[in-house]
>>> print(open('coords.cif').read())   # mmCIF, C-alpha atoms
data_input
#
loop_
_atom_site.label_atom_id
_atom_site.label_comp_id
_atom_site.auth_asym_id
_atom_site.auth_seq_id
_atom_site.Cartn_x
_atom_site.Cartn_y
_atom_site.Cartn_z
CA MET H 19 -103.12 -135.36 197.73
CA GLU H 20 -105.37 -137.78 195.85
CA GLN H 21 -103.61 -141.01 194.75
CA TRP H 22 -100.11 -139.54 195.12
CA SER H 23 -97.64 -142.05 196.49
CA PHE H 24 -94.26 -143.21 195.29
CA PRO H 25 -93.95 -145.53 193.49
CA THR H 26 -97.27 -144.46 192.07
CA LYS H 27 -100.20 -146.84 191.74
CA TYR H 28 -103.45 -145.74 190.10
CA ASP H 29 -106.83 -147.43 190.21
CA PRO H 30 -107.29 -148.66 186.60
CA ASN H 31 -111.07 -148.44 186.92
CA TYR H 32 -111.27 -144.91 188.30
CA LEU H 33 -113.15 -142.23 186.36
CA PRO H 34 -114.45 -138.88 187.64
CA GLU H 35 -118.11 -137.98 187.34
CA SER H 36 -118.76 -137.08 183.70
CA ASP H 37 -119.72 -133.49 184.58
CA SER H 38 -116.56 -132.90 186.64
CA ARG H 39 -114.08 -130.45 185.16
CA TYR H 40 -111.24 -132.17 187.02
CA TRP H 41 -109.83 -135.70 187.08
CA PHE H 42 -108.32 -135.14 190.54
CA THR H 43 -109.94 -132.04 192.01
CA ILE H 44 -107.58 -131.54 194.95
CA ARG H 45 -104.39 -132.15 192.98
CA GLU H 46 -105.45 -129.71 190.28
CA THR H 47 -106.88 -126.92 192.42
CA ILE H 48 -104.81 -127.02 195.62
CA SER H 49 -102.95 -123.78 196.42
CA PRO H 50 -99.51 -123.55 194.77
CA GLU H 51 -97.90 -123.24 198.22
CA GLN H 52 -99.44 -126.50 199.44
CA ARG H 53 -98.55 -128.25 196.19
CA ASN H 54 -94.95 -127.07 196.45
CA GLN H 55 -94.66 -128.53 199.94
CA ALA H 56 -95.79 -131.90 198.59
CA ILE H 57 -93.41 -131.58 195.62
CA VAL H 58 -90.40 -131.05 197.92
CA GLN H 59 -91.19 -134.29 199.73
CA ARG H 60 -91.63 -136.11 196.42
CA LEU H 61 -88.33 -134.75 195.08
CA ARG H 62 -86.56 -136.21 198.10
CA GLU H 63 -88.22 -139.59 197.46
CA VAL H 64 -87.43 -139.62 193.74
CA MET H 65 -83.83 -138.57 194.34
CA ALA H 66 -83.34 -141.19 197.07
CA TYR H 67 -84.72 -143.84 194.72
CA ALA H 68 -82.44 -142.76 191.86
CA TYR H 69 -79.41 -142.45 194.15
CA GLU H 70 -79.87 -146.04 195.29
CA ASN H 71 -80.62 -147.56 191.88
CA ALA H 72 -78.64 -145.57 189.30
CA SER H 73 -74.88 -145.05 189.37
CA PHE H 74 -75.39 -142.25 186.83
CA TYR H 75 -77.11 -140.08 189.44
CA ARG H 76 -75.13 -141.32 192.43
CA ASN H 77 -71.79 -140.42 190.83
CA LYS H 78 -73.07 -137.12 189.42
CA TRP H 79 -74.48 -135.95 192.73
CA ASP H 80 -71.55 -137.16 194.83
CA GLU H 81 -69.23 -135.15 192.61
CA ALA H 82 -71.44 -132.08 193.04
CA GLY H 83 -71.74 -132.54 196.80
CA VAL H 84 -75.51 -133.05 196.60
CA HIS H 85 -77.47 -135.69 198.50
CA PRO H 86 -81.24 -136.38 198.59
CA ASP H 87 -81.31 -135.82 202.36
CA LYS H 88 -80.16 -132.23 201.84
CA ILE H 89 -83.17 -131.27 199.70
CA ARG H 90 -85.53 -129.46 202.04
CA SER H 91 -86.87 -126.75 199.72
CA LEU H 92 -87.30 -125.96 196.05
CA GLU H 93 -84.34 -123.60 196.40
CA ASP H 94 -82.20 -126.51 197.64
CA PHE H 95 -83.26 -128.49 194.59
CA GLU H 96 -81.85 -125.81 192.30
CA ARG H 97 -78.36 -126.88 193.46
CA VAL H 98 -78.88 -130.30 191.86
CA PRO H 99 -76.87 -130.29 188.60
CA VAL H 100 -78.88 -130.45 185.41
CA VAL H 101 -78.70 -133.36 183.00
CA ALA H 102 -77.82 -132.66 179.36
CA LYS H 103 -79.03 -134.93 176.55
CA GLU H 104 -75.41 -135.58 175.57
CA GLU H 105 -74.88 -137.13 179.02
CA LEU H 106 -77.69 -139.60 178.29
CA ARG H 107 -76.03 -140.67 175.04
CA GLU H 108 -72.69 -141.10 176.80
CA SER H 109 -74.39 -143.12 179.53
CA GLN H 110 -75.88 -145.48 176.97
CA GLU H 111 -72.53 -145.87 175.24
CA ARG H 112 -70.87 -147.12 178.42
CA ALA H 113 -73.89 -149.10 179.68
CA ALA H 114 -75.74 -150.21 176.54
CA PRO H 115 -78.51 -150.20 175.65
CA PHE H 116 -80.45 -148.23 178.31
CA GLY H 117 -77.69 -146.44 180.23
CA ASP H 118 -76.69 -146.46 183.87
CA TYR H 119 -79.66 -144.25 184.72
CA LEU H 120 -82.05 -147.20 184.27
CA CYS H 121 -83.46 -147.83 187.73
CA ILE H 122 -85.33 -151.11 187.18
CA PRO H 123 -84.16 -154.61 186.20
CA ASP H 124 -83.92 -155.18 182.46
CA SER H 125 -86.61 -157.87 182.78
CA GLU H 126 -89.15 -155.24 183.86
CA VAL H 127 -88.74 -153.14 180.70
CA HIS H 128 -92.08 -153.22 178.90
CA ARG H 129 -91.71 -150.85 175.94
CA ILE H 130 -88.69 -149.58 173.99
CA HIS H 131 -88.89 -146.32 172.07
CA GLY H 132 -86.24 -143.77 171.22
CA THR H 133 -84.89 -141.00 169.07
CA SER H 134 -84.25 -141.41 165.36
CA GLY H 135 -80.51 -140.86 165.66
CA THR H 136 -80.37 -138.67 162.55
CA THR H 137 -77.79 -136.38 164.18
CA GLY H 138 -75.80 -139.02 166.05
CA ARG H 139 -76.26 -142.04 168.28
CA PRO H 140 -79.98 -142.66 168.96
CA THR H 141 -81.17 -142.60 172.56
CA ALA H 142 -83.18 -145.60 173.79
CA PHE H 143 -86.18 -145.09 176.04
CA ALA H 144 -86.91 -148.03 178.33
CA ILE H 145 -90.34 -147.82 179.94
CA GLY H 146 -91.24 -150.18 182.75
CA ARG H 147 -94.50 -152.11 182.94
CA ASP H 148 -95.75 -150.11 185.92
CA ASP H 149 -94.66 -146.83 184.33
CA TRP H 150 -96.60 -147.65 181.16
CA GLN H 151 -99.79 -147.81 183.21
CA VAL H 152 -98.91 -144.61 185.10
CA ILE H 153 -98.38 -142.84 181.76
CA ALA H 154 -101.76 -144.13 180.56
CA ASN H 155 -103.49 -142.69 183.62
CA ASN H 156 -101.68 -139.36 183.33
CA HIS H 157 -102.47 -138.92 179.65
CA ALA H 158 -106.11 -139.86 180.21
CA ARG H 159 -106.21 -137.17 182.89
CA PHE H 160 -104.77 -134.54 180.52
CA LEU H 161 -107.25 -135.51 177.79
CA TRP H 162 -110.05 -135.18 180.33
CA GLY H 163 -108.80 -131.66 181.01
CA MET H 164 -109.10 -130.93 177.28
CA GLY H 165 -112.79 -131.79 177.52
CA LEU H 166 -112.64 -135.33 176.12
CA ARG H 167 -114.75 -138.08 177.66
CA PRO H 168 -115.29 -141.85 177.45
CA GLY H 169 -116.94 -142.72 174.14
CA ASP H 170 -115.44 -139.79 172.22
CA THR H 171 -113.46 -140.72 169.10
CA ILE H 172 -109.83 -139.55 168.91
CA PHE H 173 -108.23 -139.56 165.44
CA ILE H 174 -104.44 -139.95 165.76
CA ALA H 175 -102.73 -138.56 162.64
CA SER H 176 -99.03 -139.03 163.38
CA VAL H 177 -96.50 -141.73 162.61
CA PHE H 178 -96.48 -144.86 164.76
CA SER H 179 -92.79 -145.64 165.13
CA LEU H 180 -90.10 -144.71 167.64
CA TYR H 181 -91.99 -141.40 168.01
CA MET H 182 -93.60 -141.23 171.46
CA GLY H 183 -96.31 -138.74 170.54
CA SER H 184 -98.56 -141.21 168.74
CA TRP H 185 -98.19 -143.95 171.34
CA GLY H 186 -98.70 -141.64 174.29
CA THR H 187 -101.89 -140.30 172.76
CA LEU H 188 -103.17 -143.79 171.98
CA LEU H 189 -102.35 -144.96 175.49
CA GLY H 190 -104.21 -142.07 177.11
CA ALA H 191 -107.19 -142.43 174.79
CA GLU H 192 -107.55 -146.10 175.62
CA ARG H 193 -107.32 -145.47 179.37
CA LEU H 194 -109.90 -142.70 179.03
CA GLY H 195 -112.32 -145.15 177.46
CA ALA H 196 -112.43 -143.24 174.19
CA LYS H 197 -112.69 -144.75 170.73
CA SER H 198 -109.16 -144.72 169.33
CA PHE H 199 -108.56 -144.27 165.61
CA PRO H 200 -104.77 -144.78 165.16
CA PHE H 201 -104.71 -143.66 161.53
CA GLY H 202 -101.02 -142.74 161.38
CA ALA H 203 -99.49 -140.54 158.70
CA GLY H 204 -96.64 -140.31 156.24
CA ALA H 205 -97.38 -142.78 153.43
CA PRO H 206 -97.97 -141.38 149.93
CA GLY H 207 -101.62 -140.57 149.39
CA MET H 208 -102.41 -141.04 153.07
CA THR H 209 -103.43 -137.44 153.67
CA ALA H 210 -106.23 -137.60 151.10
CA ARG H 211 -107.37 -140.87 152.70
CA ALA H 212 -107.25 -139.23 156.12
CA ALA H 213 -109.58 -136.49 154.88
CA LEU H 214 -111.95 -139.13 153.54
CA TRP H 215 -111.97 -141.07 156.81
CA LEU H 216 -112.44 -137.92 158.87
CA ASN H 217 -115.41 -137.01 156.72
CA MET H 218 -116.86 -140.52 157.12
CA THR H 219 -116.36 -141.05 160.85
CA LYS H 220 -116.80 -137.50 162.27
CA PRO H 221 -114.43 -138.00 165.25
CA THR H 222 -114.55 -135.79 168.30
CA ALA H 223 -110.82 -135.00 168.44
CA PHE H 224 -107.72 -134.93 166.25
CA TYR H 225 -104.07 -135.30 167.27
CA GLY H 226 -101.06 -134.48 165.09
CA THR H 227 -98.71 -131.60 164.33
CA PRO H 228 -99.96 -128.10 163.45
CA SER H 229 -98.23 -128.15 160.06
CA TYR H 230 -99.88 -131.46 159.19
CA ALA H 231 -103.30 -130.13 160.17
CA LEU H 232 -102.84 -127.23 157.75
CA HIS H 233 -101.62 -129.57 155.01
CA LEU H 234 -104.57 -131.87 155.67
CA ALA H 235 -107.04 -129.00 155.38
CA GLU H 236 -105.58 -127.90 152.06
CA THR H 237 -105.60 -131.49 150.77
CA ALA H 238 -109.22 -131.90 151.84
CA LEU H 239 -110.21 -128.77 149.95
CA ASP H 240 -108.40 -130.07 146.86
CA GLU H 241 -110.44 -133.26 147.23
CA GLY H 242 -113.68 -131.29 147.34
CA LEU H 243 -114.17 -131.74 151.09
CA ASN H 244 -114.81 -129.00 153.65
CA PRO H 245 -112.74 -129.56 156.84
CA ARG H 246 -115.56 -128.06 158.88
CA ASP H 247 -117.73 -130.99 157.82
CA PHE H 248 -115.43 -133.29 159.85
CA ARG H 249 -117.21 -131.81 162.93
CA LEU H 250 -114.10 -131.95 165.08
CA LYS H 251 -114.54 -130.35 168.49
CA VAL H 252 -110.97 -130.54 169.81
CA MET H 253 -107.66 -130.55 167.95
CA PHE H 254 -104.57 -131.01 170.10
CA PHE H 255 -101.01 -130.91 168.89
CA SER H 256 -97.37 -131.51 169.77
CA GLY H 257 -94.06 -132.06 168.00
CA GLU H 258 -93.40 -128.47 166.90
CA PRO H 259 -94.19 -124.88 167.86
CA GLY H 260 -97.37 -123.66 166.26
CA ALA H 261 -100.52 -124.42 168.20
CA SER H 262 -99.69 -121.62 170.67
CA ILE H 263 -98.79 -119.14 167.92
CA PRO H 264 -101.91 -116.97 167.44
CA GLY H 265 -101.69 -116.78 163.65
CA ILE H 266 -101.25 -120.52 163.16
CA ARG H 267 -103.89 -121.35 165.76
CA ARG H 268 -106.33 -118.98 164.07
CA ARG H 269 -105.73 -120.55 160.63
CA ILE H 270 -106.43 -124.02 162.00
CA GLU H 271 -109.55 -122.78 163.79
CA GLU H 272 -110.78 -121.13 160.58
CA TYR H 273 -110.28 -124.32 158.58
CA TYR H 274 -111.89 -126.72 161.05
CA ASP H 275 -114.05 -124.61 163.40
CA ALA H 276 -112.55 -126.59 166.32
CA LYS H 277 -110.91 -125.82 169.67
CA VAL H 278 -107.09 -125.84 169.26
CA ILE H 279 -104.97 -126.99 172.22
CA ASP H 280 -101.19 -127.08 172.41
CA SER H 281 -99.24 -129.77 174.28
CA GLY H 282 -95.86 -131.44 174.57
CA SER H 283 -92.49 -131.30 176.27
CA MET H 284 -89.83 -133.93 175.45
CA ALA H 285 -90.03 -137.63 174.62
CA GLU H 286 -87.61 -138.35 177.46
CA MET H 287 -90.16 -136.76 179.80
CA THR H 288 -93.11 -138.98 178.86
CA PRO H 289 -95.85 -138.47 180.07
CA TRP H 290 -95.00 -135.60 177.71
CA MET H 291 -98.53 -134.12 177.89
CA SER H 292 -97.70 -132.75 181.35
CA VAL H 293 -97.28 -129.49 179.44
CA CYS H 294 -100.68 -128.90 177.84
CA GLY H 295 -103.62 -126.57 177.67
CA SER H 296 -107.15 -127.30 178.83
CA ALA H 297 -110.64 -126.85 177.43
CA GLU H 298 -110.86 -123.38 178.98
CA THR H 299 -107.22 -122.26 179.21
CA GLN H 300 -104.97 -121.28 176.29
CA GLY H 301 -101.22 -121.72 176.39
CA LEU H 302 -99.59 -124.58 178.27
CA LEU H 303 -100.38 -125.51 181.86
CA LEU H 304 -97.51 -127.05 183.83
CA TRP H 305 -99.08 -130.03 185.61
CA GLN H 306 -96.60 -129.81 188.47
CA ASP H 307 -97.80 -132.86 190.40
CA VAL H 308 -96.89 -135.20 187.50
CA ILE H 309 -93.63 -133.61 186.36
CA TYR H 310 -91.96 -130.77 188.21
CA HIS H 311 -91.28 -127.99 185.71
CA GLU H 312 -88.81 -125.19 186.37
CA ILE H 313 -88.23 -122.27 184.03
CA CYS H 314 -84.57 -121.43 184.56
CA ASP H 315 -81.85 -119.05 183.56
CA PRO H 316 -80.03 -120.96 180.76
CA LYS H 317 -76.62 -120.19 182.30
CA THR H 318 -77.19 -120.71 186.03
CA PHE H 319 -80.19 -123.10 185.83
CA CYS H 320 -81.81 -121.32 188.75
CA ARG H 321 -85.50 -120.53 188.43
CA VAL H 322 -86.39 -117.17 186.94
CA PRO H 323 -89.26 -115.14 188.47
CA TYR H 324 -92.72 -115.54 186.99
CA GLY H 325 -93.14 -113.27 184.00
CA GLN H 326 -89.59 -113.79 182.76
CA ARG H 327 -88.04 -115.91 180.01
CA GLY H 328 -85.99 -118.99 180.58
CA THR H 329 -85.42 -122.60 179.59
CA PRO H 330 -87.61 -125.46 180.87
CA VAL H 331 -85.93 -127.97 183.20
CA TYR H 332 -87.93 -131.13 183.87
CA THR H 333 -88.06 -133.68 186.70
CA HIS H 334 -90.15 -136.84 186.78
CA LEU H 335 -92.22 -137.27 189.93
CA GLU H 336 -93.78 -140.64 189.07
CA ARG H 337 -91.40 -142.50 186.71
CA THR H 338 -89.31 -145.38 188.05
CA SER H 339 -87.69 -146.83 184.90
CA GLN H 340 -85.54 -143.99 183.50
CA PRO H 341 -86.40 -141.05 185.74
CA MET H 342 -85.18 -137.72 184.46
CA ILE H 343 -84.08 -135.44 187.28
CA ARG H 344 -83.44 -131.84 186.18
CA LEU H 345 -83.24 -132.60 182.46
CA ALA H 346 -82.35 -129.39 180.60
CA SER H 347 -84.54 -128.96 177.53
CA GLY H 348 -82.59 -126.37 175.55
CA ASP H 349 -85.90 -124.67 174.67
CA LEU H 350 -87.04 -121.13 175.44
CA THR H 351 -90.30 -119.90 176.93
CA HIS H 352 -91.68 -117.67 179.67
CA TRP H 353 -94.02 -118.53 182.51
CA VAL H 354 -96.68 -116.88 184.63
CA LEU H 355 -98.59 -117.77 187.79
CA GLU H 356 -102.04 -116.24 187.62
CA ASP H 357 -105.67 -117.25 187.70
CA ASN H 358 -106.44 -119.77 184.94
CA PRO H 359 -109.92 -119.82 183.37
CA CYS H 360 -110.21 -123.56 184.07
CA GLY H 361 -109.58 -123.03 187.79
CA ARG H 362 -106.40 -125.13 187.88
CA THR H 363 -103.69 -123.56 190.00
CA TYR H 364 -100.71 -124.57 187.88
CA PRO H 365 -98.19 -122.14 186.38
CA ARG H 366 -98.68 -121.54 182.67
CA LEU H 367 -96.67 -120.84 179.53
CA PRO H 368 -99.02 -118.30 177.90
CA ASP H 369 -97.20 -118.33 174.54
CA GLY H 370 -96.15 -121.96 174.51
CA ILE H 371 -92.59 -123.00 173.67
CA TYR H 372 -90.82 -120.50 171.42
CA GLY H 373 -88.33 -123.02 170.07
CA ARG H 374 -84.77 -124.15 170.61
CA ILE H 375 -82.28 -121.73 172.11
CA ASP H 376 -79.83 -123.03 169.50
CA ASP H 377 -82.18 -121.77 166.77
CA MET H 378 -81.85 -118.20 167.99
CA PHE H 379 -79.87 -115.78 165.87
CA GLN H 380 -78.76 -112.21 166.47
CA VAL H 381 -79.31 -109.33 164.09
CA ARG H 382 -77.84 -105.98 165.13
CA GLY H 383 -77.76 -107.05 168.75
CA GLU H 384 -81.35 -108.30 168.86
CA ASN H 385 -82.16 -111.92 169.73
CA ILE H 386 -84.60 -113.33 167.18
CA TYR H 387 -86.36 -116.70 167.20
CA PRO H 388 -87.82 -118.22 164.01
CA SER H 389 -91.11 -118.95 165.79
CA GLU H 390 -91.57 -115.22 166.45
CA ILE H 391 -91.31 -114.55 162.72
CA ASP H 392 -93.83 -117.35 162.17
CA ALA H 393 -96.18 -115.66 164.63
CA VAL H 394 -96.09 -112.35 162.75
CA LEU H 395 -96.46 -113.85 159.27
CA ASN H 396 -99.41 -115.97 160.30
CA THR H 397 -101.33 -112.82 161.20
CA LEU H 398 -101.15 -111.68 157.54
CA PRO H 399 -104.27 -112.61 155.57
CA ASP H 400 -102.30 -113.19 152.32
CA TYR H 401 -99.60 -115.41 153.82
CA GLY H 402 -99.27 -118.64 151.83
CA GLY H 403 -97.78 -120.76 154.58
CA GLU H 404 -94.08 -120.89 153.62
CA HIS H 405 -91.19 -118.47 154.07
CA ARG H 406 -87.41 -118.29 154.07
CA ILE H 407 -85.22 -116.22 156.40
CA VAL H 408 -82.07 -114.84 154.76
CA ILE H 409 -79.34 -113.10 156.80
CA THR H 410 -76.54 -111.28 155.01
CA ARG H 411 -73.82 -108.86 156.05
CA GLU H 412 -72.32 -105.94 154.16
CA GLY H 413 -69.61 -104.28 156.14
CA ALA H 414 -70.43 -104.36 159.87
CA MET H 415 -74.23 -104.42 159.63
CA ASP H 416 -76.43 -107.51 159.42
CA GLU H 417 -79.41 -107.46 157.10
CA LEU H 418 -82.43 -109.74 157.59
CA LEU H 419 -84.67 -110.54 154.64
CA VAL H 420 -87.79 -112.67 154.85
CA ARG H 421 -89.01 -114.10 151.53
CA VAL H 422 -92.69 -114.95 151.86
CA GLU H 423 -94.97 -117.19 149.83
CA ALA H 424 -98.18 -115.35 148.97
CA ASP H 425 -101.65 -116.83 148.60
CA ILE H 426 -102.71 -115.34 145.26
CA SER H 427 -106.33 -116.38 145.70
CA ARG H 428 -106.58 -114.18 148.79
CA LEU H 429 -104.77 -111.31 147.11
CA GLN H 430 -107.32 -111.40 144.30
CA ASN H 431 -110.20 -111.68 146.77
CA PRO H 432 -109.28 -109.48 149.76
CA VAL H 433 -112.51 -110.21 151.64
CA PRO H 434 -111.70 -113.41 153.53
CA SER H 435 -114.27 -116.20 153.64
CA PRO H 436 -114.59 -118.35 156.80
CA VAL H 437 -113.12 -121.33 154.92
CA PRO H 438 -110.48 -120.83 152.20
CA THR H 439 -111.65 -122.34 148.91
CA SER H 440 -108.25 -122.88 147.29
CA ARG H 441 -104.57 -122.22 147.71
CA HIS H 442 -102.23 -121.27 144.90
CA VAL H 443 -98.58 -120.48 145.33
CA GLY H 444 -97.04 -117.49 143.59
#
>>> encode(input="coords.cif", output="structure tokens")
Amino acid sequence: MEQWSFPTKYDPNYLPESDSRYWFTIRETISPEQRNQAIVQRLREVMAYAYENASFYRNKWDEAGVHPDKIRSLEDFERVPVVAKEELRESQERAAPFGDYLCIPDSEVHRIHGTSGTTGRPTAFAIGRDDWQVIANNHARFLWGMGLRPGDTIFIASVFSLYMGSWGTLLGAERLGAKSFPFGAGAPGMTARAALWLNMTKPTAFYGTPSYALHLAETALDEGLNPRDFRLKVMFFSGEPGASIPGIRRRIEEYYDAKVIDSGSMAEMTPWMSVCGSAETQGLLLWQDVIYHEICDPKTFCRVPYGQRGTPVYTHLERTSQPMIRLASGDLTHWVLEDNPCGRTYPRLPDGIYGRIDDMFQVRGENIYPSEIDAVLNTLPDYGGEHRIVITREGAMDELLVRVEADISRLQNPVPSPVPTSRHVG
């Protein structure tokens, strides 16, 4: 396939023809069967590399009786034990700061990012110099798939810190040849300033979280600005479920009159945009030639058939610094393999990521995910944007109560306008 070797080297000057739908036509439209054959060979290469350079993987696989030479099919690969995030923290405790799964010399580490550590020891991400350029090329490719082109302006409205989302977007935008506007977010009064700058500069695209986009729209209206006047064409999101939830997506589209695209997997899996939609295809495409995505039974970690629910398990196919090989996400989704409107032959998550399996709760024997409640509420025209889920028990029966914030302005004016004029909480 086009430019697919290991370790991966990309031509930094390459760009497709501007009217091409695809960055790499063959890689994106090859038959799934042919792509899977290439993936098996790559998995062997990545595993052999990690086995030689990382005691973390060598010891883990030796204990499990797994060796790279034994991987001759995707079914063989399912016998490789998954990696849990707790194992990464333990690895970095015994081999600080980057863990014994770092596969390059410390001197080749180019960027350090990580988790916040709010629930325990933070995890450090060490990204090699070559990997940083590979990530740039991958993210530029995904942005191209969203319909963005050199010269477009991309407004980045998320915090620039340890968080990989902002930096990954900036990196891809720069490689694409777009105008980058790294505005950031989070400081008091910054949202009103963001609305002002958006109105002044009229960027092509916006990146942030879905909840921030809604907050921004409401702030803009309070400032006397119409979000549709920003003239955004594409709004792409990560960091939380929402952009694939029909009700939330529709609210954002109503506010901004822009195409909404979901994206994002895990920071450890950067290039995290390997799970993203395209200009023509809703949901999340699994760009299998960048990261191999499996949707697995959360107990056996074997792939579930297309059409069924499971948890994503991720494997880097191009990273050399801290390659993740069968990293278990702990999320829940379902996948399909069917014709995509954009012509790409990747599997797809039609409803995005539902949320964390740990967030699931049971009521009277039914599994319920908070994102599914979000999806229903966001279809209600009078929903004010906030709700609380309350579960109680009297005797042997659970009771579920959802307290919902109402938008009084819509209740008083039941005929919806294309752009809400105000929002009052009651």
>>> resolve_selection(input="coords.cif", expression="the PyMOL selection byres ((chain H and resi 252) around 12)", output="PyMOL selection string")
chain H and resi 161-167+170-173+220-226+248-251+253-255+270-271+274-280+295-298
>>> closest_residue(input="coords.cif", among="H:Leu304, H:Ile263, H:Leu92, H:Ala212", to="Glu51 of chain H", atoms="only C-alpha atoms")
H:Leu92
>>> residues_around(input="coords.cif", residues="Val84 of chain H", least_positions_apart="4", cutoff="8 Å", atoms="all atoms listed in the file", output="number ranges by chain")
H: 79-80, 88, 97-98
>>> closest_residue(input="coords.cif", among="H:Val293, H:Pro25, H:Trp185, H:Asn156", to="His131 of chain H", atoms="all atoms listed in the file")
H:Trp185
>>> residues_around(input="coords.cif", residues="segment 324-331 of chain H", least_positions_apart="3", cutoff="12 Å", atoms="only C-alpha atoms", output="compact mmCIF listing (two decimals) with C-alpha atoms, in the coordinates of the input")
# COMPACT_ATOMS: atom_id res chain seq x y z
CA PHE H 95 -83.26 -128.49 194.59
CA GLU H 96 -81.85 -125.81 192.30
CA VAL H 98 -78.88 -130.30 191.86
CA PRO H 99 -76.87 -130.29 188.60
CA VAL H 100 -78.88 -130.45 185.41
CA VAL H 101 -78.70 -133.36 183.00
CA ALA H 102 -77.82 -132.66 179.36
CA LYS H 103 -79.03 -134.93 176.55
CA GLY H 282 -95.86 -131.44 174.57
CA SER H 283 -92.49 -131.30 176.27
CA MET H 284 -89.83 -133.93 175.45
CA GLU H 286 -87.61 -138.35 177.46
CA MET H 287 -90.16 -136.76 179.80
CA VAL H 293 -97.28 -129.49 179.44
CA LEU H 304 -97.51 -127.05 183.83
CA ILE H 309 -93.63 -133.61 186.36
CA TYR H 310 -91.96 -130.77 188.21
CA HIS H 311 -91.28 -127.99 185.71
CA GLU H 312 -88.81 -125.19 186.37
CA ILE H 313 -88.23 -122.27 184.03
CA CYS H 314 -84.57 -121.43 184.56
CA ASP H 315 -81.85 -119.05 183.56
CA PRO H 316 -80.03 -120.96 180.76
CA LYS H 317 -76.62 -120.19 182.30
CA THR H 318 -77.19 -120.71 186.03
CA PHE H 319 -80.19 -123.10 185.83
CA CYS H 320 -81.81 -121.32 188.75
CA ARG H 321 -85.50 -120.53 188.43
CA HIS H 334 -90.15 -136.84 186.78
CA MET H 342 -85.18 -137.72 184.46
CA ILE H 343 -84.08 -135.44 187.28
CA ARG H 344 -83.44 -131.84 186.18
CA LEU H 345 -83.24 -132.60 182.46
CA ALA H 346 -82.35 -129.39 180.60
CA SER H 347 -84.54 -128.96 177.53
CA GLY H 348 -82.59 -126.37 175.55
CA ASP H 349 -85.90 -124.67 174.67
CA LEU H 350 -87.04 -121.13 175.44
CA THR H 351 -90.30 -119.90 176.93
CA HIS H 352 -91.68 -117.67 179.67
CA TRP H 353 -94.02 -118.53 182.51
CA VAL H 354 -96.68 -116.88 184.63
CA LEU H 355 -98.59 -117.77 187.79
CA GLU H 356 -102.04 -116.24 187.62
CA PRO H 365 -98.19 -122.14 186.38
CA ARG H 366 -98.68 -121.54 182.67
CA LEU H 367 -96.67 -120.84 179.53
CA PRO H 368 -99.02 -118.30 177.90
CA ASP H 369 -97.20 -118.33 174.54
CA GLY H 370 -96.15 -121.96 174.51
CA ILE H 371 -92.59 -123.00 173.67
CA TYR H 372 -90.82 -120.50 171.42
CA GLY H 373 -88.33 -123.02 170.07
CA ARG H 374 -84.77 -124.15 170.61
CA ILE H 375 -82.28 -121.73 172.11
CA ASP H 376 -79.83 -123.03 169.50
>>> resolve_selection(input="coords.cif", expression="the PyMOL selection byres ((chain H and resi 115-120) around 9)", output="VMD selection string")
chain H and resid 68 71 to 75 106 to 114 121 to 124 141 to 144 338 to 342
>>> decode(input="coords.cif", residues="segment 111-120 of chain H", atoms="N, CA and C atoms", output="PDB file, in the first residue's frame")
ATOM      1  N   GLU H 111       6.014   3.326  37.343  1.00  0.00           N
ATOM      2  CA  GLU H 111       6.493   3.342  38.721  1.00  0.00           C
ATOM      3  C   GLU H 111       7.823   2.602  38.858  1.00  0.00           C
ATOM      4  N   ARG H 112       7.959   1.485  38.166  1.00  0.00           N
ATOM      5  CA  ARG H 112       9.191   0.699  38.290  1.00  0.00           C
ATOM      6  C   ARG H 112      10.278   1.161  37.324  1.00  0.00           C
ATOM      7  N   ALA H 113       9.895   1.877  36.270  1.00  0.00           N
ATOM      8  CA  ALA H 113      10.878   2.350  35.290  1.00  0.00           C
ATOM      9  C   ALA H 113      10.538   3.787  34.922  1.00  0.00           C
ATOM     10  N   ALA H 114      10.651   4.678  35.918  1.00  0.00           N
ATOM     11  CA  ALA H 114      10.285   6.081  35.725  1.00  0.00           C
ATOM     12  C   ALA H 114      11.249   6.744  34.727  1.00  0.00           C
ATOM     13  N   PRO H 115      10.778   7.772  33.988  1.00  0.00           N
ATOM     14  CA  PRO H 115       9.392   8.254  34.019  1.00  0.00           C
ATOM     15  C   PRO H 115       8.501   7.657  32.933  1.00  0.00           C
ATOM     16  N   PHE H 116       9.077   6.982  31.911  1.00  0.00           N
ATOM     17  CA  PHE H 116       8.297   6.615  30.730  1.00  0.00           C
ATOM     18  C   PHE H 116       7.929   5.137  30.671  1.00  0.00           C
ATOM     19  N   GLY H 117       8.356   4.336  31.649  1.00  0.00           N
ATOM     20  CA  GLY H 117       7.973   2.936  31.679  1.00  0.00           C
ATOM     21  C   GLY H 117       8.870   2.059  30.839  1.00  0.00           C
ATOM     22  N   ASP H 118       8.795   0.748  31.110  1.00  0.00           N
ATOM     23  CA  ASP H 118       9.620  -0.195  30.355  1.00  0.00           C
ATOM     24  C   ASP H 118       8.929  -0.658  29.075  1.00  0.00           C
ATOM     25  N   TYR H 119       7.952   0.136  28.609  1.00  0.00           N
ATOM     26  CA  TYR H 119       7.398  -0.078  27.281  1.00  0.00           C
ATOM     27  C   TYR H 119       7.869   1.018  26.318  1.00  0.00           C
ATOM     28  N   LEU H 120       8.765   1.892  26.757  1.00  0.00           N
ATOM     29  CA  LEU H 120       9.405   2.841  25.863  1.00  0.00           C
ATOM     30  C   LEU H 120      10.400   2.093  24.993  1.00  0.00           C
TER      31      LEU H 120
END
